[in-house]
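Only one structure is covered here, and it is reproduced in the block below.
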Amino acid sequence: MSLKTHLSALIFGGLTALSAFSAQADQAEHIDVSNAYAREVPPGAPASASFMTLDNLSDEEIKIVAADSDVAKVVELHTHTNDNGVMRMRQIPAISIPANGQTVLKPGGLHIMLIGPKQPLKNGQTVSVDLKFEDGSHKTVSMPVKSLKGMGTMQHMH
Ligand SMILES: [Cu+2]
């Protein structure tokens, strides 16, 4: 194989890989996030949580497989289950948003757990949470911190 043929094969291979990547790595762009907020917690609180409404604008199911945030040591995807009348939280591997559908993260249901806050989260602050999708794409969501007083206490099983 001549050098020239070899080079063009390399370039062609590279372009093919690149287009395959861009065709897949766009799940983040198909998700519309609204009403995002994080729960206010006092100094020393073991954890906070982030809630939001996720709309899937595509024809395929999209999954959030991980989340991250600068404000917490560990960030996990959680849900609540009703265990004989006692609401308990547990970690789940993914949060699914159905094709052309909506998933709501809310107190008492699905949420993004912010474990070990690095600072007190106060009403009026803005924090950001990075969502990672199954295809490796990311979406950074900025959200206000809100007080949830009077909305019930979540049971923390960490
Ligand atoms: Cu939780």
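Order determines the names: the first chain of the structure tokens is A, the second B, and so forth; residues in each chain are numbered 1 upward, and ligands are numbered 1 upward as they are shown.
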Using only C-alpha atoms and all ligand atoms, what does the table of chain A residues within 7 Å of ligand 1 look like, with each row giving the shortest atom pair and its distance in Å to one decimal, sorted by chain and ascending number, as a tab-separated table?
residue	atom	partner	partner_atom_place_in_ligand_line	distance
A:Ala49	CA	ligand 1	1 (Cu)	6.7
A:His78	CA	ligand 1	1 (Cu)	4.9
A:Thr79	CA	ligand 1	1 (Cu)	6.6
A:Met89	CA	ligand 1	1 (Cu)	5.2
A:Arg90	CA	ligand 1	1 (Cu)	6.5
A:His111	CA	ligand 1	1 (Cu)	6.4
A:Ile112	CA	ligand 1	1 (Cu)	6.7
A:Met113	CA	ligand 1	1 (Cu)	4.7
A:His156	CA	ligand 1	1 (Cu)	6.6
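The list of residues with at least one atom within 6 Å of Ala36 of chain A, based on only C-alpha atoms and without residues fewer than 5 positions apart in the same chain, reads Phe51, Met52 and Met143 of chain A.
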Subject >> All strand (DSSP E or B) residues (DSSP, backbone) inside segment 17-108 of chain A, as a PyMOL selection string >> reply: chain A and resi 31-39+41+47-56+62-69+72-83+86-91+95-97+102-105
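Comparing the minimum interatomic distances between Ala66 of chain A and each of A:Gln91, A:Ser147, A:Asn82, A:Asn35, counting only C-alpha atoms, we find that A:Gln91 sits nearest.
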**OP:** Please provide the set of residues having any atom within 8 Å of Met87 of chain A, restricted to only C-alpha atoms, with same-chain residues fewer than 4 positions apart removed, written as an NGL selection string.
**Re:** :A and (80-83 or 108 or 155)
Original post:
Pick the closest to Leu105 of chain A from A:Val71, A:Leu131, A:Leu54, A:Ile64: which is it, counting only C-alpha atoms?
Top reply: A:Leu54
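For the pair atom CA of Val129 of chain A and atom CA of Arg88 of chain A, the separation is 23.2 Å.
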**OP:** Find the residues around Ser137 of chain A up to 7 Å (only C-alpha atoms counted), leave out those fewer than 5 positions away in its own chain, and share them as a list in words.
**Re:** Ala25, Asp26, Gln27, Ala28 and Lys132 of chain A
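The space separating atom CA of Pro144 of chain A from atom CA of Gly101 of chain A comes to 24.6 Å.
Minimum distance to His30 of chain A across A:Gln125, A:Ser96, A:Ser58, A:Gln119 (counting only C-alpha atoms) occurs at A:Ser58.
Across A:Thr103, A:Ser128, A:Asn56, A:Ser69, the tightest approach to Ile115 of chain A is made by A:Ser69 when counting only C-alpha atoms.
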Original post:
At what distance in Å, to one decimal, does atom CA of Lys63 of chain A lie from atom CA of Gly136 of chain A?
Top reply: 10.5 Å
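Take the candidates A:Asp130, A:Glu40, A:Asp135, A:Glu76 and check each one against Ile62 of chain A using only C-alpha atoms; the shortest distance goes to A:Asp135.
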Just asking: which residues within segment 4-157 of chain A are helix (DSSP H, G or I) according to DSSP, as a PDB file with N, CA, C and O atoms, in the first residue's frame?
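Below is the file states-v2.pdb, written as the result:
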ATOM      1  N   LYS A   4       0.255   7.354   0.209  1.00  0.00           N
ATOM      2  CA  LYS A   4      -0.916   8.186  -0.068  1.00  0.00           C
ATOM      3  C   LYS A   4      -2.220   7.399   0.190  1.00  0.00           C
ATOM      4  O   LYS A   4      -3.151   7.880   0.833  1.00  0.00           O
ATOM      5  N   THR A   5      -2.243   6.167  -0.293  1.00  0.00           N
ATOM      6  CA  THR A   5      -3.430   5.327  -0.093  1.00  0.00           C
ATOM      7  C   THR A   5      -3.650   5.087   1.401  1.00  0.00           C
ATOM      8  O   THR A   5      -4.769   5.152   1.900  1.00  0.00           O
ATOM      9  N   HIS A   6      -2.538   4.861   2.045  1.00  0.00           N
ATOM     10  CA  HIS A   6      -2.589   4.586   3.475  1.00  0.00           C
ATOM     11  C   HIS A   6      -3.172   5.784   4.232  1.00  0.00           C
ATOM     12  O   HIS A   6      -4.056   5.643   5.077  1.00  0.00           O
ATOM     13  N   LEU A   7      -2.704   6.975   3.868  1.00  0.00           N
ATOM     14  CA  LEU A   7      -3.190   8.202   4.523  1.00  0.00           C
ATOM     15  C   LEU A   7      -4.679   8.404   4.286  1.00  0.00           C
ATOM     16  O   LEU A   7      -5.431   8.717   5.202  1.00  0.00           O
ATOM     17  N   SER A   8      -5.107   8.230   3.033  1.00  0.00           N
ATOM     18  CA  SER A   8      -6.523   8.479   2.750  1.00  0.00           C
ATOM     19  C   SER A   8      -7.395   7.441   3.449  1.00  0.00           C
ATOM     20  O   SER A   8      -8.507   7.736   3.876  1.00  0.00           O
ATOM     21  N   ALA A   9      -6.860   6.221   3.604  1.00  0.00           N
ATOM     22  CA  ALA A   9      -7.616   5.196   4.341  1.00  0.00           C
ATOM     23  C   ALA A   9      -7.772   5.625   5.798  1.00  0.00           C
ATOM     24  O   ALA A   9      -8.843   5.487   6.388  1.00  0.00           O
ATOM     25  N   LEU A  10      -6.698   6.181   6.327  1.00  0.00           N
ATOM     26  CA  LEU A  10      -6.744   6.655   7.708  1.00  0.00           C
ATOM     27  C   LEU A  10      -7.769   7.773   7.862  1.00  0.00           C
ATOM     28  O   LEU A  10      -8.570   7.798   8.793  1.00  0.00           O
ATOM     29  N   ILE A  11      -7.710   8.726   6.927  1.00  0.00           N
ATOM     30  CA  ILE A  11      -8.614   9.882   7.009  1.00  0.00           C
ATOM     31  C   ILE A  11     -10.064   9.427   6.846  1.00  0.00           C
ATOM     32  O   ILE A  11     -10.951   9.821   7.586  1.00  0.00           O
ATOM     33  N   PHE A  12     -10.275   8.528   5.880  1.00  0.00           N
ATOM     34  CA  PHE A  12     -11.630   8.040   5.656  1.00  0.00           C
ATOM     35  C   PHE A  12     -12.153   7.339   6.915  1.00  0.00           C
ATOM     36  O   PHE A  12     -13.256   7.576   7.372  1.00  0.00           O
ATOM     37  N   GLY A  13     -11.288   6.485   7.491  1.00  0.00           N
ATOM     38  CA  GLY A  13     -11.661   5.773   8.715  1.00  0.00           C
ATOM     39  C   GLY A  13     -11.992   6.749   9.824  1.00  0.00           C
ATOM     40  O   GLY A  13     -12.965   6.585  10.554  1.00  0.00           O
ATOM     41  N   GLY A  14     -11.188   7.796   9.932  1.00  0.00           N
ATOM     42  CA  GLY A  14     -11.405   8.805  10.962  1.00  0.00           C
ATOM     43  C   GLY A  14     -12.731   9.516  10.786  1.00  0.00           C
ATOM     44  O   GLY A  14     -13.484   9.705  11.747  1.00  0.00           O
ATOM     45  N   LEU A  15     -13.042   9.881   9.545  1.00  0.00           N
ATOM     46  CA  LEU A  15     -14.303  10.591   9.281  1.00  0.00           C
ATOM     47  C   LEU A  15     -15.503   9.712   9.587  1.00  0.00           C
ATOM     48  O   LEU A  15     -16.504  10.162  10.139  1.00  0.00           O
ATOM     49  N   THR A  16     -15.383   8.422   9.234  1.00  0.00           N
ATOM     50  CA  THR A  16     -16.490   7.493   9.482  1.00  0.00           C
ATOM     51  C   THR A  16     -16.759   7.397  10.982  1.00  0.00           C
ATOM     52  O   THR A  16     -17.897   7.485  11.430  1.00  0.00           O
ATOM     53  N   ALA A  17     -15.665   7.292  11.741  1.00  0.00           N
ATOM     54  CA  ALA A  17     -15.807   7.197  13.188  1.00  0.00           C
ATOM     55  C   ALA A  17     -16.425   8.474  13.746  1.00  0.00           C
ATOM     56  O   ALA A  17     -17.294   8.446  14.604  1.00  0.00           O
ATOM     57  N   LEU A  18     -15.997   9.609  13.190  1.00  0.00           N
ATOM     58  CA  LEU A  18     -16.479  10.906  13.660  1.00  0.00           C
ATOM     59  C   LEU A  18     -17.979  11.058  13.392  1.00  0.00           C
ATOM     60  O   LEU A  18     -18.735  11.482  14.252  1.00  0.00           O
ATOM     61  N   SER A  19     -18.422  10.681  12.190  1.00  0.00           N
ATOM     62  CA  SER A  19     -19.837  10.867  11.872  1.00  0.00           C
ATOM     63  C   SER A  19     -20.708   9.910  12.680  1.00  0.00           C
ATOM     64  O   SER A  19     -21.803  10.258  13.099  1.00  0.00           O
ATOM     65  N   ALA A  20     -20.168   8.700  12.942  1.00  0.00           N
ATOM     66  CA  ALA A  20     -20.917   7.755  13.763  1.00  0.00           C
ATOM     67  C   ALA A  20     -21.076   8.327  15.168  1.00  0.00           C
ATOM     68  O   ALA A  20     -22.134   8.238  15.780  1.00  0.00           O
ATOM     69  N   PHE A  21     -20.019   8.959  15.626  1.00  0.00           N
ATOM     70  CA  PHE A  21     -20.033   9.555  16.965  1.00  0.00           C
ATOM     71  C   PHE A  21     -21.076  10.664  17.050  1.00  0.00           C
ATOM     72  O   PHE A  21     -21.916  10.687  17.929  1.00  0.00           O
ATOM     73  N   SER A  22     -21.059  11.581  16.076  1.00  0.00           N
ATOM     74  CA  SER A  22     -21.970  12.726  16.161  1.00  0.00           C
ATOM     75  C   SER A  22     -23.424  12.296  15.948  1.00  0.00           C
ATOM     76  O   SER A  22     -24.341  12.926  16.442  1.00  0.00           O
ATOM     77  N   ALA A  23     -23.615  11.184  15.208  1.00  0.00           N
ATOM     78  CA  ALA A  23     -24.988  10.717  14.993  1.00  0.00           C
ATOM     79  C   ALA A  23     -25.573  10.169  16.296  1.00  0.00           C
ATOM     80  O   ALA A  23     -26.764  10.238  16.517  1.00  0.00           O
ATOM     81  N   GLN A  24     -24.677   9.639  17.151  1.00  0.00           N
ATOM     82  CA  GLN A  24     -25.168   9.023  18.380  1.00  0.00           C
ATOM     83  C   GLN A  24     -25.123   9.966  19.574  1.00  0.00           C
ATOM     84  O   GLN A  24     -26.002   9.948  20.396  1.00  0.00           O
ATOM     85  N   GLN A  27     -28.013  12.654  22.434  1.00  0.00           N
ATOM     86  CA  GLN A  27     -29.198  12.437  23.274  1.00  0.00           C
ATOM     87  C   GLN A  27     -29.445  13.648  24.164  1.00  0.00           C
ATOM     88  O   GLN A  27     -30.594  14.018  24.399  1.00  0.00           O
ATOM     89  N   ALA A  28     -28.345  14.276  24.615  1.00  0.00           N
ATOM     90  CA  ALA A  28     -28.478  15.443  25.492  1.00  0.00           C
ATOM     91  C   ALA A  28     -29.275  16.560  24.810  1.00  0.00           C
ATOM     92  O   ALA A  28     -30.035  17.273  25.451  1.00  0.00           O
ATOM     93  N   GLU A  29     -29.109  16.670  23.485  1.00  0.00           N
ATOM     94  CA  GLU A  29     -29.806  17.741  22.766  1.00  0.00           C
ATOM     95  C   GLU A  29     -31.292  17.454  22.604  1.00  0.00           C
ATOM     96  O   GLU A  29     -32.076  18.347  22.303  1.00  0.00           O
ATOM     97  N   HIS A  30     -31.680  16.201  22.783  1.00  0.00           N
ATOM     98  CA  HIS A  30     -33.087  15.833  22.614  1.00  0.00           C
ATOM     99  C   HIS A  30     -33.872  15.901  23.923  1.00  0.00           C
ATOM    100  O   HIS A  30     -35.043  15.562  23.963  1.00  0.00           O
TER     101      HIS A  30
END
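Nearest-residue note for Ile92 of chain A: choosing from A:Val104, A:Ala72, A:Val127, A:Val65, the minimum distance belongs to A:Val65, counting only C-alpha atoms.
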